[in-house]
file input_6.csv (CSV, C-alpha atoms)
chain,number,residue,atom,x,y,z
A,1,MET,CA,0.0,0.0,0.0
A,2,ASN,CA,1.4,3.4,-1.0
A,3,ALA,CA,2.4,5.7,1.8
A,4,PRO,CA,0.3,9.0,1.9
A,5,GLU,CA,3.4,11.2,2.0
A,6,GLU,CA,4.7,9.6,-1.1
A,7,MET,CA,1.6,10.2,-3.2
A,8,GLY,CA,1.6,12.8,-5.9
A,9,ALA,CA,-1.5,14.8,-6.8
A,10,HIS,CA,-2.5,12.1,-9.3
A,11,THR,CA,-1.1,9.0,-7.8
A,12,PRO,CA,-3.8,6.5,-7.2
A,13,TYR,CA,-4.1,5.2,-3.6
A,14,LEU,CA,-4.1,1.5,-3.4
A,15,GLY,CA,-6.8,0.2,-1.1
A,16,ARG,CA,-7.1,-2.9,1.0
A,17,TRP,CA,-9.5,-5.8,1.8
A,18,TRP,CA,-10.1,-7.5,-1.6
A,19,HIS,CA,-9.3,-10.8,-3.3
A,20,LEU,CA,-9.5,-12.2,-6.9
A,21,LEU,CA,-12.1,-14.7,-7.8
A,22,ALA,CA,-11.7,-17.7,-10.0
A,23,ASP,CA,-13.7,-16.0,-12.8
A,24,GLY,CA,-11.2,-13.1,-12.8
A,25,ARG,CA,-13.3,-10.6,-11.0
A,26,MET,CA,-12.1,-8.8,-7.9
A,27,GLN,CA,-14.3,-9.0,-4.8
A,28,CYS,CA,-14.2,-6.2,-2.3
A,29,ASP,CA,-14.1,-7.6,1.2
A,30,LEU,CA,-14.7,-4.3,3.1
A,31,CYS,CA,-18.5,-4.5,3.6
A,32,PRO,CA,-21.2,-7.1,3.2
A,33,ARG,CA,-22.1,-5.9,-0.2
A,34,ASP,CA,-19.2,-8.0,-1.5
A,35,CYS,CA,-19.0,-6.1,-4.8
A,36,ARG,CA,-17.5,-8.2,-7.6
A,37,LEU,CA,-15.7,-6.0,-10.0
A,38,HIS,CA,-14.4,-6.2,-13.6
A,39,GLU,CA,-11.4,-4.1,-14.7
A,40,GLY,CA,-12.2,-0.4,-14.2
A,41,GLN,CA,-15.5,-1.0,-12.5
A,42,ARG,CA,-16.6,0.8,-9.3
A,43,GLY,CA,-18.3,-0.7,-6.4
A,44,ALA,CA,-21.8,0.2,-5.1
A,45,CYS,CA,-20.2,2.9,-2.9
A,46,PHE,CA,-18.7,4.5,-6.1
A,47,VAL,CA,-15.4,5.4,-4.5
A,48,ARG,CA,-13.7,2.0,-4.4
A,49,MET,CA,-12.7,0.9,-7.9
A,50,ARG,CA,-10.8,-1.9,-9.5
A,51,GLY,CA,-7.8,-0.5,-11.4
A,52,GLU,CA,-7.2,-0.7,-15.1
A,53,GLY,CA,-4.1,-1.8,-17.1
A,54,ASP,CA,-1.1,-2.3,-14.9
A,55,LEU,CA,-3.4,-1.6,-11.9
A,56,ARG,CA,-6.0,-4.2,-12.8
A,57,ASN,CA,-5.1,-6.3,-9.9
A,58,GLU,CA,-5.3,-3.4,-7.4
A,59,MET,CA,-8.2,-1.8,-5.5
A,60,ILE,CA,-8.1,2.0,-5.7
A,61,LEU,CA,-9.6,4.3,-3.2
A,62,THR,CA,-10.5,7.3,-5.4
A,63,THR,CA,-11.3,9.7,-2.5
A,64,TYR,CA,-8.1,9.4,-0.5
A,65,GLY,CA,-7.0,12.8,0.7
A,66,ARG,CA,-10.1,14.6,-0.8
A,67,SER,CA,-13.0,15.9,1.2
A,68,SER,CA,-16.4,17.4,0.6
A,69,GLY,CA,-15.6,20.0,3.2
A,70,PHE,CA,-14.6,20.6,6.8
A,71,CYS,CA,-16.6,22.2,9.6
A,72,VAL,CA,-16.1,22.7,13.4
A,73,ASP,CA,-19.1,21.4,15.2
A,74,PRO,CA,-20.2,20.7,18.8
A,75,ILE,CA,-19.6,17.0,19.7
A,76,GLU,CA,-23.2,16.8,20.6
A,77,LYS,CA,-24.1,17.2,16.9
A,78,LYS,CA,-22.6,13.8,16.0
A,79,PRO,CA,-24.6,13.0,18.2
A,80,LEU,CA,-22.5,12.1,21.1
A,81,ASN,CA,-23.9,13.4,24.4
A,82,GLN,CA,-21.5,11.5,26.8
A,83,PHE,CA,-18.2,11.8,25.0
A,84,TYR,CA,-16.3,14.8,26.4
A,85,PRO,CA,-19.5,17.0,26.4
A,86,GLY,CA,-19.1,20.7,25.4
A,87,THR,CA,-16.0,20.1,23.3
A,88,SER,CA,-15.6,20.9,19.6
A,89,VAL,CA,-15.0,18.5,16.8
A,90,LEU,CA,-13.5,19.0,13.3
A,91,SER,CA,-15.9,17.2,11.0
A,92,PHE,CA,-15.4,16.0,7.4
A,93,GLY,CA,-16.6,13.5,4.9
A,94,THR,CA,-15.7,12.5,1.3
A,95,ALA,CA,-18.3,11.3,-1.2
A,96,GLY,CA,-20.3,8.1,-1.8
A,97,CYS,CA,-21.8,5.5,0.5
A,98,ASN,CA,-22.2,1.7,0.8
A,99,LEU,CA,-25.9,2.0,1.7
A,100,ALA,CA,-28.7,3.2,-0.5
A,101,CYS,CA,-31.0,4.8,2.0
A,102,LYS,CA,-34.0,6.4,0.3
A,103,PHE,CA,-34.4,8.8,3.2
A,104,CYS,CA,-30.8,10.0,3.3
A,105,GLN,CA,-30.4,13.4,4.9
A,106,ASN,CA,-27.0,14.0,3.4
A,107,TRP,CA,-27.8,12.7,-0.1
A,108,ASP,CA,-25.9,15.5,-1.9
A,109,ILE,CA,-22.7,14.0,-0.5
A,110,SER,CA,-23.4,10.4,0.1
A,111,LYS,CA,-25.1,9.9,-3.3
A,112,SER,CA,-22.7,12.1,-5.2
A,113,ARG,CA,-21.2,10.8,-8.5
A,114,ASP,CA,-19.6,14.2,-9.2
A,115,PHE,CA,-16.1,14.5,-7.9
A,116,ASP,CA,-16.4,18.3,-7.9
A,117,THR,CA,-18.2,17.6,-4.6
A,118,LEU,CA,-14.7,16.9,-3.2
A,119,ALA,CA,-13.8,20.6,-3.0
A,120,ASP,CA,-11.1,20.4,-0.3
A,121,GLN,CA,-7.8,18.4,-0.1
A,122,ALA,CA,-5.9,17.5,3.0
A,123,SER,CA,-3.3,14.9,4.1
A,124,PRO,CA,-3.8,13.1,7.4
A,125,GLU,CA,-1.2,15.3,9.0
A,126,THR,CA,-2.8,18.5,7.7
A,127,ILE,CA,-6.1,17.5,9.3
A,128,ALA,CA,-4.6,16.6,12.6
A,129,ARG,CA,-2.6,19.8,12.7
A,130,ALA,CA,-5.7,21.8,11.8
A,131,ALA,CA,-7.8,20.1,14.6
A,132,ALA,CA,-5.1,20.9,17.2
A,133,GLU,CA,-4.7,24.5,16.0
A,134,LEU,CA,-8.5,25.0,16.0
A,135,GLY,CA,-8.7,23.7,19.5
A,136,CYS,CA,-10.8,20.7,18.6
A,137,ALA,CA,-10.7,17.8,21.0
A,138,SER,CA,-11.5,15.3,18.3
A,139,VAL,CA,-11.9,14.8,14.5
A,140,ALA,CA,-15.2,13.2,13.2
A,141,PHE,CA,-15.5,11.1,10.0
A,142,THR,CA,-19.1,12.0,9.1
A,143,TYR,CA,-21.5,13.3,6.4
A,144,ASN,CA,-21.0,10.1,4.5
A,145,ASP,CA,-19.9,6.8,5.9
A,146,PRO,CA,-16.2,6.4,6.8
A,147,VAL,CA,-16.4,2.7,6.2
A,148,ILE,CA,-15.9,3.4,2.5
A,149,PHE,CA,-12.8,5.6,3.1
A,150,ALA,CA,-11.5,3.4,5.9
A,151,GLU,CA,-7.9,3.6,4.9
A,152,TYR,CA,-8.0,7.4,4.8
A,153,ALA,CA,-9.8,7.6,8.1
A,154,MET,CA,-7.3,5.2,9.8
A,155,ASP,CA,-4.4,7.3,8.6
A,156,VAL,CA,-6.0,10.5,9.8
A,157,ALA,CA,-6.6,8.7,13.2
A,158,ASP,CA,-3.0,7.9,13.5
A,159,ALA,CA,-1.9,11.5,12.8
A,160,CYS,CA,-4.6,12.8,15.3
A,161,HIS,CA,-3.5,10.5,18.1
A,162,ALA,CA,0.1,11.6,17.6
A,163,ARG,CA,-1.1,15.1,18.5
A,164,GLY,CA,-3.4,14.1,21.3
A,165,VAL,CA,-6.6,14.5,19.2
A,166,ARG,CA,-9.3,11.9,19.5
A,167,THR,CA,-11.3,10.4,16.6
A,168,VAL,CA,-15.0,9.7,16.1
A,169,ALA,CA,-16.7,7.5,13.4
A,170,VAL,CA,-20.3,8.4,12.5
A,171,THR,CA,-21.4,5.3,10.7
A,172,ALA,CA,-24.1,2.9,9.7
A,173,GLY,CA,-21.9,0.1,11.0
A,174,TYR,CA,-22.1,-2.0,7.8
A,175,MET,CA,-18.7,-3.6,7.7
A,176,HIS,CA,-17.1,-7.0,7.6
A,177,ASP,CA,-15.4,-8.4,10.6
A,178,ALA,CA,-11.7,-8.2,9.6
A,179,PRO,CA,-11.6,-4.6,8.4
A,180,ARG,CA,-14.0,-3.7,11.3
A,181,ARG,CA,-11.4,-4.8,13.8
A,182,GLU,CA,-8.6,-2.8,12.2
A,183,PHE,CA,-10.8,0.3,11.8
A,184,TYR,CA,-12.1,0.5,15.3
A,185,ALA,CA,-8.7,-0.1,16.8
A,186,LYS,CA,-8.0,3.5,15.5
A,187,MET,CA,-11.3,5.0,16.8
A,188,ASP,CA,-12.0,6.6,20.2
A,189,ALA,CA,-15.8,6.9,19.8
A,190,ALA,CA,-18.6,6.1,17.4
A,191,ASN,CA,-22.2,6.9,16.7
A,192,VAL,CA,-23.8,4.0,14.9
A,193,ASP,CA,-27.1,4.4,13.0
A,194,LEU,CA,-29.4,1.5,13.8
A,195,LYS,CA,-31.8,2.6,11.1
A,196,ALA,CA,-34.6,0.2,12.1
A,197,PHE,CA,-35.2,-3.1,13.7
A,198,THR,CA,-36.6,-5.2,10.8
A,199,GLU,CA,-35.0,-6.9,7.9
A,200,ASP,CA,-37.8,-5.7,5.7
A,201,PHE,CA,-36.9,-2.0,6.4
A,202,TYR,CA,-33.2,-2.5,5.7
A,203,PHE,CA,-33.8,-4.4,2.5
A,204,LYS,CA,-36.4,-2.1,1.0
A,205,LEU,CA,-35.2,1.3,2.2
A,206,THR,CA,-31.4,1.0,2.6
A,207,GLY,CA,-30.4,-1.9,0.2
A,208,ALA,CA,-28.6,-3.5,3.1
A,209,ARG,CA,-29.2,-6.0,5.9
A,210,LEU,CA,-29.8,-5.7,9.6
A,211,GLN,CA,-27.6,-8.4,11.1
A,212,PRO,CA,-24.2,-7.0,10.1
A,213,VAL,CA,-25.1,-3.8,11.9
A,214,LEU,CA,-26.1,-5.7,15.0
A,215,ASP,CA,-22.8,-7.6,14.8
A,216,THR,CA,-20.9,-4.3,14.8
A,217,LEU,CA,-22.7,-3.1,17.9
A,218,VAL,CA,-22.1,-6.3,19.8
A,219,TYR,CA,-18.4,-6.2,18.7
A,220,LEU,CA,-18.0,-2.6,19.9
A,221,LYS,CA,-19.5,-3.5,23.3
A,222,ARG,CA,-17.9,-6.8,24.0
A,223,GLU,CA,-14.5,-6.5,22.3
A,224,THR,CA,-13.4,-2.8,22.3
A,225,GLU,CA,-13.0,0.2,24.6
A,226,VAL,CA,-14.6,2.4,21.9
A,227,TRP,CA,-17.3,4.7,23.5
A,228,PHE,CA,-20.4,4.5,21.3
A,229,GLU,CA,-23.9,5.7,21.1
A,230,ILE,CA,-26.8,4.6,18.9
A,231,THR,CA,-29.1,6.7,16.7
A,232,THR,CA,-32.4,5.6,15.2
A,233,LEU,CA,-34.1,8.0,12.8
A,234,LEU,CA,-37.9,7.5,13.3
A,235,ILE,CA,-39.8,7.7,10.0
A,236,PRO,CA,-43.6,7.9,10.2
A,237,GLY,CA,-45.2,4.7,9.1
A,238,LYS,CA,-41.9,3.0,8.4
A,239,ASN,CA,-40.1,2.2,11.7
A,240,ASP,CA,-42.0,4.1,14.4
A,241,GLY,CA,-44.4,1.5,15.6
A,242,ASP,CA,-44.4,0.6,19.3
A,243,ALA,CA,-43.7,-3.1,18.7
A,244,GLU,CA,-40.6,-2.4,16.7
A,245,ILE,CA,-39.3,0.2,19.1
A,246,GLU,CA,-39.9,-2.2,22.0
A,247,ALA,CA,-38.1,-5.0,20.2
A,248,GLU,CA,-35.1,-2.7,19.5
A,249,CYS,CA,-34.9,-1.6,23.1
A,250,ALA,CA,-35.2,-5.1,24.4
A,251,TRP,CA,-32.3,-6.2,22.1
A,252,ILE,CA,-30.1,-3.3,23.3
A,253,MET,CA,-30.8,-4.2,26.9
A,254,LYS,CA,-30.0,-7.9,26.4
A,255,GLU,CA,-27.0,-7.6,24.1
A,256,LEU,CA,-25.4,-4.2,25.0
A,257,GLY,CA,-26.8,-3.4,28.5
A,258,PRO,CA,-28.6,-0.3,29.9
A,259,ASP,CA,-25.7,2.2,29.7
A,260,VAL,CA,-25.4,2.6,25.9
A,261,PRO,CA,-27.0,5.9,25.0
A,262,LEU,CA,-29.8,5.7,22.5
A,263,HIS,CA,-30.9,8.8,20.4
A,264,PHE,CA,-34.3,8.9,18.6
A,265,SER,CA,-34.1,11.6,15.9
A,266,ALA,CA,-36.8,13.2,13.8
A,267,PHE,CA,-37.0,12.6,10.0
A,268,HIS,CA,-37.6,15.4,7.6
A,269,PRO,CA,-38.7,14.7,4.0
A,270,ASP,CA,-35.6,14.3,1.7
A,271,TRP,CA,-34.0,12.5,-1.2
A,272,LYS,CA,-36.5,9.8,-2.4
A,273,MET,CA,-39.0,10.1,0.5
A,274,THR,CA,-40.3,13.7,0.1
A,275,ASP,CA,-43.8,12.3,0.3
A,276,VAL,CA,-43.4,11.2,3.9
A,277,PRO,CA,-44.3,13.8,6.6
A,278,PRO,CA,-41.8,14.9,9.2
A,279,THR,CA,-41.7,13.0,12.5
A,280,PRO,CA,-44.0,14.5,15.1
A,281,PRO,CA,-42.2,15.4,18.4
A,282,ALA,CA,-44.8,13.3,20.2
A,283,THR,CA,-43.4,10.2,18.4
A,284,LEU,CA,-39.9,10.8,19.7
A,285,SER,CA,-41.3,11.3,23.2
A,286,ARG,CA,-43.3,8.1,23.0
A,287,ALA,CA,-40.2,6.2,21.8
A,288,ARG,CA,-38.1,7.7,24.6
A,289,ASP,CA,-40.7,6.6,27.2
A,290,ILE,CA,-40.7,3.0,25.7
A,291,ALA,CA,-36.9,2.9,25.9
A,292,LYS,CA,-36.8,4.1,29.5
A,293,LYS,CA,-39.5,1.6,30.5
A,294,ALA,CA,-37.3,-1.1,28.9
A,295,GLY,CA,-34.6,-0.1,31.4
A,296,LEU,CA,-32.2,2.0,29.2
A,297,HIS,CA,-30.5,4.7,31.3
A,298,TYR,CA,-29.7,7.3,28.7
A,299,VAL,CA,-32.3,8.0,26.1
A,300,TYR,CA,-32.4,11.2,24.0
A,301,THR,CA,-34.5,12.9,21.3
A,302,GLY,CA,-32.9,14.7,18.4
A,303,ASN,CA,-33.7,17.2,15.5
A,304,VAL,CA,-36.4,18.7,17.7
A,305,HIS,CA,-36.5,21.3,20.5
A,306,ASP,CA,-36.8,19.2,23.6
A,307,VAL,CA,-34.8,20.2,26.7
A,308,ASP,CA,-35.9,17.2,28.6
A,309,GLY,CA,-35.1,14.9,25.7
A,310,GLY,CA,-31.6,16.4,25.3
A,311,THR,CA,-30.7,16.2,29.0
A,312,THR,CA,-28.5,13.6,30.6
A,313,PHE,CA,-30.0,12.3,33.9
A,314,CYS,CA,-28.2,10.4,36.6
A,315,PRO,CA,-29.5,6.8,36.6
A,316,HIS,CA,-28.8,6.5,40.4
A,317,CYS,CA,-30.6,9.6,41.8
A,318,GLY,CA,-32.4,11.1,38.8
A,319,THR,CA,-30.6,14.4,38.9
A,320,ALA,CA,-30.3,16.3,35.6
A,321,VAL,CA,-26.5,16.2,35.4
A,322,ILE,CA,-26.1,17.8,31.9
A,323,THR,CA,-29.0,20.0,30.9
A,324,ARG,CA,-29.1,20.9,27.2
A,325,ASP,CA,-31.1,23.1,24.9
A,326,TRP,CA,-30.3,21.8,21.4
A,327,TYR,CA,-26.4,21.8,21.4
A,328,ARG,CA,-26.1,24.4,24.2
A,329,ILE,CA,-25.2,23.1,27.7
A,330,LEU,CA,-27.2,25.1,30.3
A,331,ASP,CA,-26.1,23.2,33.4
A,332,TYR,CA,-23.3,20.7,34.2
A,333,ARG,CA,-23.1,18.6,37.3
A,334,VAL,CA,-20.6,15.9,36.5
A,335,GLY,CA,-17.1,15.6,38.1
A,336,GLU,CA,-14.1,15.1,36.0
A,337,ASP,CA,-14.1,11.6,37.3
A,338,GLY,CA,-17.4,11.0,35.6
A,339,ARG,CA,-19.5,10.9,38.8
A,340,CYS,CA,-22.8,12.7,39.6
A,341,LEU,CA,-22.1,15.7,41.8
A,342,ALA,CA,-25.4,15.1,43.6
A,343,CYS,CA,-25.0,11.5,44.7
A,344,GLY,CA,-21.5,10.4,43.6
A,345,GLY,CA,-22.8,7.7,41.3
A,346,ALA,CA,-20.8,6.7,38.3
A,347,LEU,CA,-22.0,7.9,34.9
A,348,SER,CA,-21.3,6.1,31.7
A,349,GLY,CA,-19.2,7.9,29.2
A,350,ARG,CA,-16.0,9.9,28.9
A,351,TYR,CA,-15.7,13.1,30.9
A,352,HIS,CA,-13.1,15.8,31.6
A,353,LYS,CA,-12.6,18.9,33.7
A,354,PHE,CA,-15.3,21.2,32.4
A,355,ASP,CA,-16.1,24.9,32.7
A,356,ILE,CA,-19.5,25.7,31.2
A,357,LYS,CA,-18.2,29.1,30.2
A,358,GLN,CA,-15.8,27.3,27.8
A,359,ALA,CA,-18.3,25.1,26.2
A,360,PHE,CA,-18.2,25.2,22.4
A,361,GLY,CA,-22.0,25.7,22.1
A,362,PRO,CA,-24.2,25.4,19.1
A,363,LYS,CA,-21.8,27.1,16.6
A,364,ARG,CA,-21.0,25.7,13.2
A,365,ILE,CA,-17.9,27.0,11.6
A,366,PRO,CA,-16.9,26.0,8.0
A,367,VAL,CA,-13.2,25.9,7.4
A,368,ARG,CA,-11.0,25.3,4.4
A,369,LEU,CA,-7.7,23.3,4.7
A,370,ALA,CA,-6.5,23.3,1.1

call {"tool": "encode", "arguments": {"input": "input_6.csv", "output": "structure tokens"}}
result
Amino acid sequence: MNAPEEMGAHTPYLGRWWHLLADGRMQCDLCPRDCRLHEGQRGACFVRMRGEGDLRNEMILTTYGRSSGFCVDPIEKKPLNQFYPGTSVLSFGTAGCNLACKFCQNWDISKSRDFDTLADQASPETIARAAAELGCASVAFTYNDPVIFAEYAMDVADACHARGVRTVAVTAGYMHDAPRREFYAKMDAANVDLKAFTEDFYFKLTGARLQPVLDTLVYLKRETEVWFEITTLLIPGKNDGDAEIEAECAWIMKELGPDVPLHFSAFHPDWKMTDVPPTPPATLSRARDIAKKAGLHYVYTGNVHDVDGGTTFCPHCGTAVITRDWYRILDYRVGEDGRCLACGGALSGRYHKFDIKQAFGPKRIPVRLA
């Protein structure tokens, strides 16, 4: 694999996780789509391509070092409510996606087939240096799924860790086991989209399958130290029924335990589902009630104005330990040891010495690195 610092502006980056089939095609082994490629053909994600000519027996990652843009966000926007709350994160993505969600909220990036989308260029070291200079506690791979640019994300993670900057993956979790193990060895935190809890939804509305996502969640919980939270976008009439929400929460309780935060977020009409109405706030509140009754300790609502649904409560004494209004922290009652200041009970998550006056807040600051 070519080293990033040795790459010229037009040098193709040789990707990993593939093998040749008996019929001469190349199979991509990164995600469960198992794309089988002829010479010069791209995978379903569009950004992983079998080379041509002298590179016909190589996988090429066409977006290495190229981004659709950089932005400094609050960490709560990822959303991660219990990973160094109040800090800022340098966010970026590339183009393409290995899922085909008809309701994609970032479709202009994830569905892009136009490489003009990739308006900014940055080496891993440039990104790490920028994050440190901008005062960001972490870098997030987001907007489109970092699974498809895993090599780039992993190199950025190495550069970030060398500077004391943490890394965050915002992902659908659709990944094979071997690359998953290498990828998450480089990540400090993740937000995983559990898009629904039926195989029918995944097949019809995402072009993917449910089980590999569940496998990723179980792997993160049982075999890593990665802090992770789960997001489910509730779409009216598609995945917002009580029975499905109850089944999802029961599975989380059984397989992951009560301390993994769960976010229910509101859908807005987009991409190929503009005929579906927005999610009513009452639906999110109902889902949150179901999750709490199932025994989950940290349940949030998102994409709506709901102070109660954005607040972290101590599971031991019920105190509101982090009160939020959207991405603004209004009150903070957690010690740097991660304990509730009211009762001393341990809170799940990652915490630090915090001054509410220094919280990043709801700002969104676009930046250019090229």

call {"tool": "atom_distance", "arguments": {"input": "input_6.csv", "atom1": "atom CA of Ser265 of chain A", "atom2": "atom CA of Thr319 of chain A"}}
result
23.4 Å

call {"tool": "residues_around", "arguments": {"input": "input_6.csv", "residues": "Ala153 of chain A", "least_positions_apart": "2", "cutoff": "12 Å", "atoms": "only C-alpha atoms", "output": "PDB file with C-alpha atoms, in the frame of the given file"}}
result
ATOM      1  CA  PRO A   4       0.300   9.000   1.900  1.00  0.00           C
ATOM      2  CA  LEU A  61      -9.600   4.300  -3.200  1.00  0.00           C
ATOM      3  CA  THR A  63     -11.300   9.700  -2.500  1.00  0.00           C
ATOM      4  CA  TYR A  64      -8.100   9.400  -0.500  1.00  0.00           C
ATOM      5  CA  GLY A  65      -7.000  12.800   0.700  1.00  0.00           C
ATOM      6  CA  ARG A  66     -10.100  14.600  -0.800  1.00  0.00           C
ATOM      7  CA  SER A  67     -13.000  15.900   1.200  1.00  0.00           C
ATOM      8  CA  SER A  91     -15.900  17.200  11.000  1.00  0.00           C
ATOM      9  CA  PHE A  92     -15.400  16.000   7.400  1.00  0.00           C
ATOM     10  CA  GLY A  93     -16.600  13.500   4.900  1.00  0.00           C
ATOM     11  CA  THR A  94     -15.700  12.500   1.300  1.00  0.00           C
ATOM     12  CA  ALA A 122      -5.900  17.500   3.000  1.00  0.00           C
ATOM     13  CA  SER A 123      -3.300  14.900   4.100  1.00  0.00           C
ATOM     14  CA  PRO A 124      -3.800  13.100   7.400  1.00  0.00           C
ATOM     15  CA  GLU A 125      -1.200  15.300   9.000  1.00  0.00           C
ATOM     16  CA  ILE A 127      -6.100  17.500   9.300  1.00  0.00           C
ATOM     17  CA  ALA A 128      -4.600  16.600  12.600  1.00  0.00           C
ATOM     18  CA  VAL A 139     -11.900  14.800  14.500  1.00  0.00           C
ATOM     19  CA  ALA A 140     -15.200  13.200  13.200  1.00  0.00           C
ATOM     20  CA  PHE A 141     -15.500  11.100  10.000  1.00  0.00           C
ATOM     21  CA  THR A 142     -19.100  12.000   9.100  1.00  0.00           C
ATOM     22  CA  ASP A 145     -19.900   6.800   5.900  1.00  0.00           C
ATOM     23  CA  PRO A 146     -16.200   6.400   6.800  1.00  0.00           C
ATOM     24  CA  VAL A 147     -16.400   2.700   6.200  1.00  0.00           C
ATOM     25  CA  ILE A 148     -15.900   3.400   2.500  1.00  0.00           C
ATOM     26  CA  PHE A 149     -12.800   5.600   3.100  1.00  0.00           C
ATOM     27  CA  ALA A 150     -11.500   3.400   5.900  1.00  0.00           C
ATOM     28  CA  GLU A 151      -7.900   3.600   4.900  1.00  0.00           C
ATOM     29  CA  ASP A 155      -4.400   7.300   8.600  1.00  0.00           C
ATOM     30  CA  VAL A 156      -6.000  10.500   9.800  1.00  0.00           C
ATOM     31  CA  ALA A 157      -6.600   8.700  13.200  1.00  0.00           C
ATOM     32  CA  ASP A 158      -3.000   7.900  13.500  1.00  0.00           C
ATOM     33  CA  ALA A 159      -1.900  11.500  12.800  1.00  0.00           C
ATOM     34  CA  CYS A 160      -4.600  12.800  15.300  1.00  0.00           C
ATOM     35  CA  THR A 167     -11.300  10.400  16.600  1.00  0.00           C
ATOM     36  CA  VAL A 168     -15.000   9.700  16.100  1.00  0.00           C
ATOM     37  CA  ALA A 169     -16.700   7.500  13.400  1.00  0.00           C
ATOM     38  CA  VAL A 170     -20.300   8.400  12.500  1.00  0.00           C
ATOM     39  CA  GLU A 182      -8.600  -2.800  12.200  1.00  0.00           C
ATOM     40  CA  PHE A 183     -10.800   0.300  11.800  1.00  0.00           C
ATOM     41  CA  TYR A 184     -12.100   0.500  15.300  1.00  0.00           C
ATOM     42  CA  ALA A 185      -8.700  -0.100  16.800  1.00  0.00           C
ATOM     43  CA  LYS A 186      -8.000   3.500  15.500  1.00  0.00           C
ATOM     44  CA  MET A 187     -11.300   5.000  16.800  1.00  0.00           C
TER      45      MET A 187
END

call {"tool": "closest_residue", "arguments": {"input": "input_6.csv", "among": "A:Gln82, A:Met273, A:Leu220, A:Gly135", "to": "Leu347 of chain A", "atoms": "all atoms listed in the file"}}
result
A:Gln82

call {"tool": "residues_around", "arguments": {"input": "input_6.csv", "residues": "Leu14 of chain A", "least_positions_apart": "2", "cutoff": "10 Å", "atoms": "only C-alpha atoms", "output": "CSV table (one decimal) with C-alpha atoms, keeping the file's coordinate frame"}}
result
chain,number,residue,atom,x,y,z
A,1,MET,CA,0.0,0.0,0.0
A,2,ASN,CA,1.4,3.4,-1.0
A,3,ALA,CA,2.4,5.7,1.8
A,11,THR,CA,-1.1,9.0,-7.8
A,12,PRO,CA,-3.8,6.5,-7.2
A,16,ARG,CA,-7.1,-2.9,1.0
A,48,ARG,CA,-13.7,2.0,-4.4
A,49,MET,CA,-12.7,0.9,-7.9
A,50,ARG,CA,-10.8,-1.9,-9.5
A,51,GLY,CA,-7.8,-0.5,-11.4
A,55,LEU,CA,-3.4,-1.6,-11.9
A,58,GLU,CA,-5.3,-3.4,-7.4
A,59,MET,CA,-8.2,-1.8,-5.5
A,60,ILE,CA,-8.1,2.0,-5.7
A,61,LEU,CA,-9.6,4.3,-3.2
A,62,THR,CA,-10.5,7.3,-5.4
A,64,TYR,CA,-8.1,9.4,-0.5
A,151,GLU,CA,-7.9,3.6,4.9

call {"tool": "atom_distance", "arguments": {"input": "input_6.csv", "atom1": "atom CA of Ile329 of chain A", "atom2": "atom CA of Ala137 of chain A"}}
result
16.8 Å

call {"tool": "residues_around", "arguments": {"input": "input_6.csv", "residues": "Gly302 of chain A", "least_positions_apart": "4", "cutoff": "12 Å", "atoms": "only C-alpha atoms", "output": "PyMOL selection string"}}
result
chain A and resi 76-81+230-234+262-268+279-281+283-285+287-288+306-311+324-327

call {"tool": "residues_near_point", "arguments": {"input": "input_6.csv", "point": "(-33.4, 11.8, 39.1)", "cutoff": "12 Å", "atoms": "all atoms listed in the file", "output": "JSON, numbers by chain"}}
result
{"A": [297, 298, 311, 312, 313, 314, 315, 316, 317, 318, 319, 320, 321, 322, 340, 342, 343, 345]}

call {"tool": "residues_around", "arguments": {"input": "input_6.csv", "residues": "segment 30-32 of chain A", "least_positions_apart": "3", "cutoff": "7 Å", "atoms": "only C-alpha atoms", "output": "list in words"}}
result
Trp17, Tyr174, Met175, His176 and Pro179 of chain A

call {"tool": "atom_distance", "arguments": {"input": "input_6.csv", "atom1": "atom CA of Ala243 of chain A", "atom2": "atom CA of Val304 of chain A"}}
result
23.0 Å

call {"tool": "residues_around", "arguments": {"input": "input_6.csv", "residues": "Ala172 of chain A", "least_positions_apart": "5", "cutoff": "7 Å", "atoms": "only C-alpha atoms", "output": "ChimeraX atom specification"}}
result
/A:145,192-194

call {"tool": "build_atoms", "arguments": {"input": "input_6.csv", "residues": "segment 187-193 of chain A", "atoms": "N, CA and C atoms", "output": "compact mmCIF listing (two decimals), in the frame of the given file"}}
result
# COMPACT_ATOMS: atom_id res chain seq x y z
N MET A 187 -10.25 4.10 16.45
CA MET A 187 -11.30 5.00 16.80
C MET A 187 -11.47 5.13 18.34
N ASP A 188 -11.77 6.35 18.80
CA ASP A 188 -12.00 6.60 20.20
C ASP A 188 -13.52 6.50 20.54
N ALA A 189 -14.34 6.87 19.57
CA ALA A 189 -15.80 6.90 19.80
C ALA A 189 -16.49 6.67 18.46
N ALA A 190 -17.77 6.33 18.56
CA ALA A 190 -18.60 6.10 17.40
C ALA A 190 -20.04 6.44 17.68
N ASN A 191 -20.74 6.94 16.68
CA ASN A 191 -22.20 6.90 16.70
C ASN A 191 -22.64 6.03 15.58
N VAL A 192 -23.39 4.99 15.92
CA VAL A 192 -23.80 4.00 14.90
C VAL A 192 -25.30 4.16 14.67
N ASP A 193 -25.65 4.32 13.41
CA ASP A 193 -27.10 4.40 13.00
C ASP A 193 -27.65 2.99 12.99
